[in-house]
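Novice: Got protein_30.cif for you, mmCIF, C-alpha atoms and all ligand atoms:
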```cif
data_work
loop_
_atom_site.label_atom_id
_atom_site.label_comp_id
_atom_site.auth_asym_id
_atom_site.auth_seq_id
_atom_site.Cartn_x
_atom_site.Cartn_y
_atom_site.Cartn_z
CA MET A 838 129.54 -2.70 40.55
CA THR A 839 129.49 -3.22 44.31
CA SER A 840 130.52 -6.58 45.64
CA ARG A 841 127.01 -7.07 46.98
CA ALA A 842 125.53 -6.60 43.55
CA ARG A 843 128.13 -8.98 42.10
CA THR A 844 127.27 -11.64 44.70
CA ARG A 845 123.57 -11.18 43.93
CA ASN A 846 124.18 -11.53 40.18
CA LEU A 847 126.27 -14.60 40.79
CA ALA A 848 123.55 -16.12 42.99
CA VAL A 849 120.91 -15.40 40.34
CA SER A 850 123.11 -16.98 37.63
CA PHE A 851 123.63 -20.06 39.79
CA ALA A 852 119.93 -20.28 40.48
CA ILE A 853 119.16 -20.10 36.74
CA LEU A 854 121.84 -22.72 36.03
CA ALA A 855 120.47 -24.99 38.75
CA LEU A 856 116.96 -24.55 37.34
CA LEU A 857 118.23 -25.39 33.86
CA ALA A 858 120.02 -28.48 35.16
CA VAL A 859 116.91 -29.64 37.01
CA SER A 860 114.73 -29.15 33.96
CA ILE A 861 117.22 -31.02 31.75
CA VAL A 862 117.27 -33.95 34.19
CA PHE A 863 113.48 -33.86 34.43
CA THR A 864 112.96 -33.75 30.65
CA SER A 865 115.43 -36.52 29.96
CA SER A 866 114.00 -38.77 32.66
CA ASN A 867 110.52 -38.12 31.24
CA ALA A 868 111.77 -38.98 27.76
CA ARG A 869 113.37 -42.18 29.08
CA ARG A 870 110.10 -43.10 30.83
CA ALA A 871 108.10 -42.48 27.63
CA GLN A 872 110.60 -44.58 25.69
CA ARG A 873 110.38 -47.41 28.21
CA LEU A 874 106.57 -47.29 28.15
CA ALA A 875 106.52 -47.36 24.35
CA ARG A 876 108.91 -50.33 24.36
CA GLN A 877 106.79 -52.19 26.94
CA GLN A 878 103.67 -51.53 24.86
CA MET A 879 105.37 -52.84 21.70
CA GLU A 880 106.57 -55.94 23.55
CA PHE A 881 103.08 -56.48 24.92
CA VAL A 882 101.43 -56.21 21.50
CA ALA A 883 104.05 -58.55 20.01
CA ALA A 884 103.52 -61.09 22.81
CA VAL A 885 99.72 -60.91 22.50
CA SER A 886 99.85 -61.40 18.72
CA HIS A 887 102.21 -64.33 19.19
CA GLU A 888 99.91 -65.92 21.78
CA LEU A 889 96.83 -65.42 19.61
CA ARG A 890 98.51 -67.09 16.65
CA THR A 891 98.61 -70.59 18.16
CA PRO A 892 94.89 -71.10 18.86
CA LEU A 893 94.00 -69.33 15.61
CA ALA A 894 96.27 -71.67 13.62
CA THR A 895 94.68 -74.72 15.31
CA ILE A 896 91.18 -73.41 14.58
CA ARG A 897 92.05 -72.76 10.93
CA THR A 898 93.61 -76.19 10.38
CA ALA A 899 90.77 -78.00 12.15
CA SER A 900 88.09 -76.09 10.26
CA ASP A 901 89.91 -76.59 6.92
CA ASN A 902 90.00 -80.34 7.57
CA LEU A 903 86.33 -80.41 8.51
CA ALA A 904 85.31 -78.30 5.51
CA SER A 905 87.27 -80.39 3.04
CA GLY A 906 85.58 -83.57 4.25
CA VAL A 907 88.79 -85.47 5.15
CA ILE A 908 87.37 -86.06 8.60
CA ALA A 909 84.97 -88.84 7.87
CA THR A 910 83.82 -90.65 11.03
CA PRO A 911 81.37 -89.05 13.50
CA GLU A 912 83.86 -89.71 16.33
CA ARG A 913 86.57 -87.73 14.56
CA VAL A 914 84.10 -84.94 13.79
CA GLN A 915 83.23 -84.83 17.48
CA GLU A 916 86.90 -84.75 18.39
CA TYR A 917 87.43 -81.82 16.05
CA GLY A 918 84.34 -80.12 17.45
CA ALA A 919 85.76 -80.43 20.97
CA LEU A 920 89.11 -79.06 19.78
CA LEU A 921 87.44 -76.07 18.09
CA GLN A 922 85.40 -75.48 21.24
CA SER A 923 88.37 -75.53 23.60
CA GLU A 924 90.52 -73.34 21.33
CA GLY A 925 87.56 -70.95 20.98
CA ILE A 926 87.26 -70.75 24.77
CA ARG A 927 91.00 -70.18 25.00
CA LEU A 928 90.84 -67.35 22.48
CA SER A 929 87.96 -65.57 24.20
CA GLU A 930 89.63 -66.03 27.58
CA MET A 931 92.78 -64.52 26.18
CA VAL A 932 90.96 -61.55 24.64
CA GLU A 933 89.12 -60.95 27.94
CA HIS A 934 92.41 -61.11 29.82
CA VAL A 935 94.15 -58.74 27.42
CA LEU A 936 91.29 -56.24 27.78
CA GLU A 937 91.31 -56.58 31.54
CA PHE A 938 95.10 -56.31 31.59
CA ALA A 939 94.90 -53.04 29.64
CA ARG A 940 92.06 -51.75 31.85
CA ALA A 941 93.90 -52.73 35.00
CA ASP A 942 96.82 -50.51 34.08
CA ALA A 943 97.96 -49.28 37.47
CA THR A 944 98.32 -45.68 36.31
CA GLY A 945 95.41 -44.44 38.39
CA THR A 946 92.89 -44.15 35.55
CA ARG A 947 90.58 -46.52 37.41
CA GLU A 948 87.92 -44.87 39.52
CA LEU A 949 88.20 -46.19 43.07
CA ARG A 950 85.24 -46.28 45.45
CA LEU A 951 84.57 -47.76 48.84
CA ILE A 952 83.40 -51.29 48.13
CA SER A 953 82.32 -54.37 49.99
CA VAL A 954 84.53 -57.45 49.63
CA ARG A 955 81.45 -59.61 50.22
CA ASP A 956 79.76 -58.08 47.13
CA ALA A 957 82.86 -58.78 45.03
CA ILE A 958 83.13 -62.40 46.20
CA GLU A 959 79.42 -63.02 45.63
CA SER A 960 79.71 -61.56 42.15
CA ALA A 961 82.81 -63.72 41.47
CA MET A 962 80.82 -66.79 42.57
CA ARG A 963 78.02 -65.91 40.12
CA MET A 964 80.58 -65.45 37.32
CA SER A 965 82.22 -68.79 38.18
CA ARG A 966 78.93 -70.75 38.22
CA PHE A 967 79.52 -72.31 34.80
CA ALA A 968 83.12 -73.37 35.54
CA ILE A 969 82.05 -74.78 38.93
CA ASP A 970 79.15 -76.78 37.49
CA ARG A 971 81.18 -78.05 34.52
CA SER A 972 83.93 -79.42 36.76
CA ALA A 973 81.61 -80.56 39.58
CA ALA A 974 83.79 -78.59 41.98
CA THR A 975 82.91 -78.13 45.64
CA VAL A 976 83.40 -74.51 46.64
CA GLU A 977 83.12 -73.40 50.28
CA VAL A 978 82.78 -69.71 50.98
CA VAL A 979 83.32 -68.24 54.44
CA ILE A 980 83.07 -64.47 54.71
CA GLU A 981 83.54 -62.84 58.11
CA GLU A 982 80.63 -60.64 59.25
CA ASN A 983 81.04 -56.86 59.19
CA LEU A 984 84.18 -56.76 57.08
CA PRO A 985 85.59 -53.25 56.68
CA LEU A 986 85.16 -51.63 53.27
CA VAL A 987 88.13 -51.40 50.91
CA ARG A 988 89.00 -49.01 48.08
CA GLY A 989 88.55 -50.44 44.60
CA ASP A 990 85.84 -51.34 42.14
CA VAL A 991 83.54 -54.31 42.63
CA ALA A 992 83.73 -55.54 39.03
CA GLY A 993 87.55 -55.48 38.98
CA LEU A 994 87.90 -57.26 42.32
CA ALA A 995 85.22 -59.77 41.31
CA ARG A 996 87.12 -60.61 38.11
CA ALA A 997 90.34 -61.02 40.10
CA VAL A 998 88.66 -63.48 42.49
CA GLU A 999 86.96 -65.21 39.54
CA ASN A 1000 90.41 -65.70 37.99
CA LEU A 1001 91.70 -67.30 41.19
CA ILE A 1002 88.64 -69.57 41.44
CA GLY A 1003 89.03 -70.51 37.76
CA ASN A 1004 92.69 -71.45 38.32
CA ALA A 1005 91.88 -73.36 41.53
CA ILE A 1006 89.49 -75.50 39.48
CA LYS A 1007 91.66 -75.72 36.36
CA TYR A 1008 94.73 -76.88 38.26
CA SER A 1009 92.93 -79.52 40.34
CA ASP A 1010 92.62 -83.05 39.02
CA GLY A 1011 89.51 -85.05 39.86
CA ASP A 1012 86.79 -83.32 41.87
CA PRO A 1013 88.14 -79.91 42.75
CA LEU A 1014 87.76 -78.68 46.31
CA VAL A 1015 88.09 -74.93 46.68
CA SER A 1016 87.69 -72.76 49.76
CA ILE A 1017 87.29 -69.04 49.72
CA ARG A 1018 87.76 -67.10 52.91
CA ALA A 1019 87.52 -63.39 53.66
CA SER A 1020 88.61 -61.95 56.97
CA ALA A 1021 90.03 -58.78 58.43
CA ASN A 1022 92.42 -57.45 61.04
CA ASP A 1023 92.91 -53.83 62.13
CA THR A 1024 94.64 -52.78 58.93
CA ASN A 1025 93.74 -55.19 56.14
CA VAL A 1026 91.04 -57.26 54.54
CA THR A 1027 92.27 -60.61 53.24
CA ILE A 1028 90.71 -62.83 50.62
CA GLU A 1029 92.11 -66.36 50.34
CA VAL A 1030 91.39 -68.86 47.59
CA GLU A 1031 92.69 -72.31 48.50
CA ASP A 1032 92.75 -75.47 46.43
CA ARG A 1033 93.97 -79.03 46.91
CA GLY A 1034 95.20 -79.23 43.35
CA ARG A 1035 98.52 -79.93 41.69
CA GLY A 1036 100.41 -77.12 43.42
CA ILE A 1037 103.18 -75.01 41.91
CA ALA A 1038 106.80 -76.06 41.42
CA PRO A 1039 109.32 -73.90 43.33
CA THR A 1040 110.99 -73.05 40.00
CA ASP A 1041 107.70 -71.66 38.65
CA LEU A 1042 106.71 -69.75 41.78
CA PRO A 1043 108.82 -66.60 41.20
CA HIS A 1044 107.39 -66.18 37.70
CA ILE A 1045 103.68 -66.99 37.82
CA PHE A 1046 102.60 -63.33 38.07
CA GLU A 1047 104.54 -62.38 34.94
CA PRO A 1048 102.41 -61.75 31.85
CA PHE A 1049 102.24 -64.83 29.58
CA TYR A 1050 104.17 -67.07 31.98
CA ARG A 1051 102.72 -70.58 32.20
CA GLY A 1052 104.04 -73.27 34.54
CA ALA A 1053 106.42 -75.88 33.13
CA GLY A 1054 104.42 -78.68 31.53
CA ILE A 1055 101.09 -76.83 31.81
CA ALA A 1056 100.75 -76.24 28.06
CA ASP A 1057 101.89 -79.84 27.38
CA ALA A 1058 99.21 -81.08 29.78
CA GLN A 1059 96.75 -79.28 27.44
CA ILE A 1060 95.37 -77.15 30.26
CA PRO A 1061 93.96 -74.13 28.43
CA GLY A 1062 95.09 -70.66 29.41
CA SER A 1063 96.82 -67.48 28.35
CA GLY A 1064 99.34 -66.97 31.12
CA LEU A 1065 97.73 -63.56 31.71
CA GLY A 1066 95.26 -64.39 34.49
CA LEU A 1067 97.55 -63.83 37.46
CA ALA A 1068 99.19 -60.80 35.83
CA VAL A 1069 95.70 -59.30 35.61
CA VAL A 1070 94.96 -60.18 39.24
CA GLN A 1071 98.20 -58.55 40.36
CA ARG A 1072 97.62 -55.38 38.34
CA VAL A 1073 94.09 -54.96 39.65
CA VAL A 1074 95.12 -55.59 43.25
CA HIS A 1075 98.08 -53.17 42.97
CA ALA A 1076 95.74 -50.53 41.51
CA PHE A 1077 93.68 -50.91 44.71
CA GLY A 1078 96.79 -50.42 46.86
CA GLY A 1079 96.90 -54.10 47.83
CA GLU A 1080 99.12 -57.13 47.40
CA VAL A 1081 98.64 -60.65 46.14
CA ASP A 1082 100.82 -63.60 47.13
CA VAL A 1083 100.77 -67.37 47.11
CA LEU A 1084 101.69 -70.33 49.27
CA SER A 1085 101.95 -73.60 47.42
CA ALA A 1086 103.22 -77.14 47.82
CA LEU A 1087 103.67 -79.33 44.77
CA GLY A 1088 101.09 -82.11 44.70
CA ARG A 1089 99.25 -80.67 47.72
CA GLY A 1090 97.64 -77.44 46.58
CA SER A 1091 97.91 -73.69 46.60
CA THR A 1092 96.51 -70.73 48.51
CA PHE A 1093 96.37 -67.37 46.78
CA ARG A 1094 95.92 -64.40 49.11
CA ILE A 1095 94.77 -60.91 48.22
CA THR A 1096 95.42 -58.30 50.93
CA LEU A 1097 93.72 -54.91 50.67
CA PRO A 1098 94.01 -51.94 53.04
CA ALA A 1099 90.91 -51.71 55.25
CA VAL A 1100 89.26 -48.33 55.03
CA THR A 1101 86.41 -48.47 57.56
CA ARG A 1102 85.49 -50.76 60.39
P1 LIG A 1201 97.16 -69.57 32.94
O1 LIG A 1201 96.30 -70.23 33.98
O2 LIG A 1201 96.38 -69.04 31.78
O3 LIG A 1201 98.32 -70.42 32.53
P2 LIG A 1201 97.84 -67.63 35.00
O4 LIG A 1201 98.52 -66.33 34.88
O5 LIG A 1201 96.47 -67.64 35.58
O6 LIG A 1201 97.82 -68.25 33.54
O7 LIG A 1201 98.74 -68.62 35.84
C1 LIG A 1201 100.14 -68.70 35.54
C2 LIG A 1201 100.65 -70.08 35.93
O8 LIG A 1201 100.59 -70.22 37.35
C3 LIG A 1201 99.85 -71.24 35.37
O9 LIG A 1201 100.27 -71.59 34.08
C4 LIG A 1201 100.13 -72.33 36.41
O10 LIG A 1201 101.38 -72.93 36.14
C5 LIG A 1201 100.28 -71.56 37.70
N1 LIG A 1201 99.04 -71.55 38.52
C6 LIG A 1201 98.18 -70.52 38.67
N2 LIG A 1201 97.20 -70.83 39.55
C7 LIG A 1201 97.46 -72.09 39.98
C8 LIG A 1201 96.83 -72.98 40.92
N3 LIG A 1201 95.73 -72.63 41.60
N4 LIG A 1201 97.39 -74.21 41.10
C9 LIG A 1201 98.53 -74.56 40.44
N5 LIG A 1201 99.16 -73.76 39.55
C10 LIG A 1201 98.65 -72.54 39.32
#
```
Take the structure in this file and express it as C-alpha cells.
Specialist:
Amino acid sequence: MTSRARTRNLAVSFAILALLAVSIVFTSSNARRAQRLARQQMEFVAAVSHELRTPLATIRTASDNLASGVIATPERVQEYGALLQSEGIRLSEMVEHVLEFARADATGTRELRLISVRDAIESAMRMSRFAIDRSAATVEVVIEENLPLVRGDVAGLARAVENLIGNAIKYSDGDPLVSIRASANDTNVTIEVEDRGRGIAPTDLPHIFEPFYRGAGIADAQIPGSGLGLAVVQRVVHAFGGEVDVLSALGRGSTFRITLPAVTR
C-alpha cells in the first residue's frame, strides 16, 4: 500500500471515529435532556397534586359539616358558604393556571402572529371586569397611539396582562389603584402594570416567578392564589421572545413590566 493510500485510510478512519464520537455525545446529551424533562414533568405533576389537595380538603370538610347539620346558625352557614366559594374560586384559578402553564410551554408549539398590544390590553380589561368591579378598583389605562405590532398571540398576552391586573388588585389593601401603560421605543413595546399595594419583600423578589412560589405570609393572610400566575406570565412572555421584570418597594407598591420586541412601526 502506498503511503498516500495509508494516509487516506487513516484520515477516513479518523473521520468515522470523530463521527461516532459526535453521535455518542449527541445521543447521550439528548437522553439527558429527555431524562431532565421527564423529571421536571413528574415534579410538576407532584406539585400540582399537592397544591390541589389543600383546597379540596377544605371543601370536603366544610361540605361534610354542612351536610351533617352540625352547622346550625345562619351566620355559620353563610361563613361556610363564603369559604366554599373562595376555595372553589381558588381551585378553578389553579386549574386555569395549570392549563395555561402547560400551553405556555416555551417549546415553540405556540403559533405566533403579528398582534396589536392594544387589542391584548383591551381584552385583558374585559376579562378583569369582574375582579375590578368586585374590589371597586380604579384602573387607568394609557396606551400610546400607533404602537408597533409584536409577535405573539392576543389571547396569551391578554391572559398575562389579566394575571398582572388580578395581582395588582389582590395585593392592594383598601381601594386598589392600578395603572396600565403601553409605550414603545425603536426596538421594544413595553406594557407596565403598576399598583400602590403592599409591595414585595426583597427576600421574595428573586423567587416570585418560580412556579408555586407565594410570598412569605401571603397564604397566612388568606389571599387566595396558586403561586402559578407569574410563572405563567413569564412563560408566555418568553415564548413571545420578550422579558418580564418587576420593580417593587415594600408598603409602596409594585410595577410589573413586560417588554416585547417591536416588529413594525
Ligand atoms: P399568587 O398570586 O397565586 O400567589 P403569583 O405567581 O401570581 O401567585 O405571584 C407570586 C407571589 O408574588 C405572590 O404570592 C405575591 O407574594 C407576589 N406578588 C405578585 N404580584 C404582586 C403584586 N402586584 N404586589 C405584591 N406582591 C405580588
Novice: Write out as a compact mmCIF listing (two decimals) with C-alpha atoms, in the frame of the given file each polymer residue (protein, DNA or RNA) that has an atom no more than 9 Å from ligand LIG 1201 (chain A), with all atoms listed in the file counted.
Specialist:
```txt
# COMPACT_ATOMS: atom_id res chain seq x y z
CA ARG A 927 91.00 -70.18 25.00
CA GLU A 930 89.63 -66.03 27.58
CA MET A 931 92.78 -64.52 26.18
CA ASN A 1000 90.41 -65.70 37.99
CA LEU A 1001 91.70 -67.30 41.19
CA ILE A 1002 88.64 -69.57 41.44
CA GLY A 1003 89.03 -70.51 37.76
CA ASN A 1004 92.69 -71.45 38.32
CA ALA A 1005 91.88 -73.36 41.53
CA ILE A 1006 89.49 -75.50 39.48
CA LYS A 1007 91.66 -75.72 36.36
CA TYR A 1008 94.73 -76.88 38.26
CA SER A 1009 92.93 -79.52 40.34
CA VAL A 1030 91.39 -68.86 47.59
CA GLU A 1031 92.69 -72.31 48.50
CA ASP A 1032 92.75 -75.47 46.43
CA ARG A 1033 93.97 -79.03 46.91
CA GLY A 1034 95.20 -79.23 43.35
CA ARG A 1035 98.52 -79.93 41.69
CA GLY A 1036 100.41 -77.12 43.42
CA ILE A 1037 103.18 -75.01 41.91
CA ALA A 1038 106.80 -76.06 41.42
CA ASP A 1041 107.70 -71.66 38.65
CA LEU A 1042 106.71 -69.75 41.78
CA HIS A 1044 107.39 -66.18 37.70
CA ILE A 1045 103.68 -66.99 37.82
CA PHE A 1046 102.60 -63.33 38.07
CA GLU A 1047 104.54 -62.38 34.94
CA PRO A 1048 102.41 -61.75 31.85
CA PHE A 1049 102.24 -64.83 29.58
CA TYR A 1050 104.17 -67.07 31.98
CA ARG A 1051 102.72 -70.58 32.20
CA GLY A 1052 104.04 -73.27 34.54
CA ALA A 1053 106.42 -75.88 33.13
CA GLY A 1054 104.42 -78.68 31.53
CA ILE A 1055 101.09 -76.83 31.81
CA ALA A 1056 100.75 -76.24 28.06
CA ILE A 1060 95.37 -77.15 30.26
CA PRO A 1061 93.96 -74.13 28.43
CA GLY A 1062 95.09 -70.66 29.41
CA SER A 1063 96.82 -67.48 28.35
CA GLY A 1064 99.34 -66.97 31.12
CA LEU A 1065 97.73 -63.56 31.71
CA GLY A 1066 95.26 -64.39 34.49
CA LEU A 1067 97.55 -63.83 37.46
CA ALA A 1068 99.19 -60.80 35.83
CA VAL A 1069 95.70 -59.30 35.61
CA VAL A 1070 94.96 -60.18 39.24
CA SER A 1085 101.95 -73.60 47.42
CA LEU A 1087 103.67 -79.33 44.77
CA GLY A 1090 97.64 -77.44 46.58
CA SER A 1091 97.91 -73.69 46.60
CA THR A 1092 96.51 -70.73 48.51
CA PHE A 1093 96.37 -67.37 46.78
```
Novice: What does the structure give for the distance between atom CA of A:Asp1082 and atom CA of A:Leu994, in Å to one decimal?
Specialist: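 About the pair atom CA of A:Asp1082 and atom CA of A:Leu994: they are 15.2 Å apart.
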Novice: Please report the interatomic distance between atom CA of A:Ser905 and atom CA of A:Leu928 in Å with one decimal.
Specialist: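 That distance, rounded to one decimal, is 23.7 Å.
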Novice: Which of these, A:Leu921, A:Ala1076, A:Ile1017, A:Leu936, has the shortest distance to A:Ala894 once you count only C-alpha atoms?
Specialist: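 Looking only at the distances to A:Ala894, the closest residue turns out to be A:Leu921.
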Novice: Find the residues around A:Arg1018 up to 6 Å (all atoms listed in the file counted), leave out those fewer than 5 positions away in its own chain, and share them as a PyMOL selection string.
Specialist: chain A and resi 978-980+1028-1029
Novice: By how many Å are atom CA of A:Arg1089 and atom CA of A:Thr1040 apart?
Specialist: 16.0 Å
Novice: Which residues of stretch 932-983 of chain A have any atom within 12 Å of an atom in stretch 878-882 of chain A when counting only C-alpha atoms, and what is the closest pair of atoms for each, with the distance in Å to one decimal? Order the rows by chain and rising number and write it as a tab-separated table.
Specialist:
```
residue	atom	partner	partner_atom	distance
A:Val935	CA	A:Phe881	CA	9.5
A:Leu936	CA	A:Val882	CA	11.9
A:Phe938	CA	A:Phe881	CA	10.4
A:Ala939	CA	A:Phe881	CA	10.1
A:Asp942	CA	A:Gln878	CA	11.5
```
Novice: If you keep C-alpha atoms, can you produce a file of those selected residues as a CSV table (one decimal), keeping the file's coordinate frame?
Specialist:
```csv
chain,number,residue,atom,x,y,z
A,935,VAL,CA,94.2,-58.7,27.4
A,936,LEU,CA,91.3,-56.2,27.8
A,938,PHE,CA,95.1,-56.3,31.6
A,939,ALA,CA,94.9,-53.0,29.6
A,942,ASP,CA,96.8,-50.5,34.1
```
Novice: Can you tell me, as JSON, numbers by chain, what residues are no more than 9 Å from A:Val987 when counting all atoms listed in the file, ignoring any on the same chain fewer than 4 positions away?
Specialist: {"A": [950, 951, 952, 953, 954, 1025, 1026, 1077, 1097, 1098, 1099, 1100, 1101]}
Novice: Based on the selection just made, write C-alpha atoms of those residues as a PDB file, in the frame of the given file.
Specialist:
```pdb
ATOM      1  CA  ARG A 950      85.240 -46.280  45.450  1.00  0.00           C
ATOM      2  CA  LEU A 951      84.570 -47.760  48.840  1.00  0.00           C
ATOM      3  CA  ILE A 952      83.400 -51.290  48.130  1.00  0.00           C
ATOM      4  CA  SER A 953      82.320 -54.370  49.990  1.00  0.00           C
ATOM      5  CA  VAL A 954      84.530 -57.450  49.630  1.00  0.00           C
ATOM      6  CA  ASN A1025      93.740 -55.190  56.140  1.00  0.00           C
ATOM      7  CA  VAL A1026      91.040 -57.260  54.540  1.00  0.00           C
ATOM      8  CA  PHE A1077      93.680 -50.910  44.710  1.00  0.00           C
ATOM      9  CA  LEU A1097      93.720 -54.910  50.670  1.00  0.00           C
ATOM     10  CA  PRO A1098      94.010 -51.940  53.040  1.00  0.00           C
ATOM     11  CA  ALA A1099      90.910 -51.710  55.250  1.00  0.00           C
ATOM     12  CA  VAL A1100      89.260 -48.330  55.030  1.00  0.00           C
ATOM     13  CA  THR A1101      86.410 -48.470  57.560  1.00  0.00           C
TER      14      THR A1101
END
```
Novice: Tell me which protein, DNA and RNA residues are within 9 Å of A:Met962, counting only C-alpha atoms, leaving out same-chain ones fewer than 5 positions away, and put them as an MDAnalysis selection string.
Specialist: chainID A and resid 957 969 995 998:999 1002
Novice: Would you please work out which residue, of A:Val1074, A:Ile958, A:Ala909, A:Leu889, is nearest to A:Glu977 when using all atoms listed in the file?
Specialist: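 Residue with the minimum atom-to-atom distance to A:Glu977: A:Ile958.
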Novice: Counting all atoms listed in the file, which residue out of A:Leu920, A:Leu854, A:Ala1086, A:Val1081 sits closest to A:Gln1059?
Specialist: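 The answer is A:Leu920, which sits nearest to A:Gln1059.
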Novice: Hey, can I get the axis-aligned box for stretch 983-995 of chain A? All listed atoms, 8 Å padding on each side, centre and edge lengths in Å to one decimal, as AutoDock Vina command-line options.
Specialist:
```
--center_x 85.0 --center_y -54.4 --center_z 49.1 --size_x 24.0 --size_y 26.8 --size_z 36.2
```
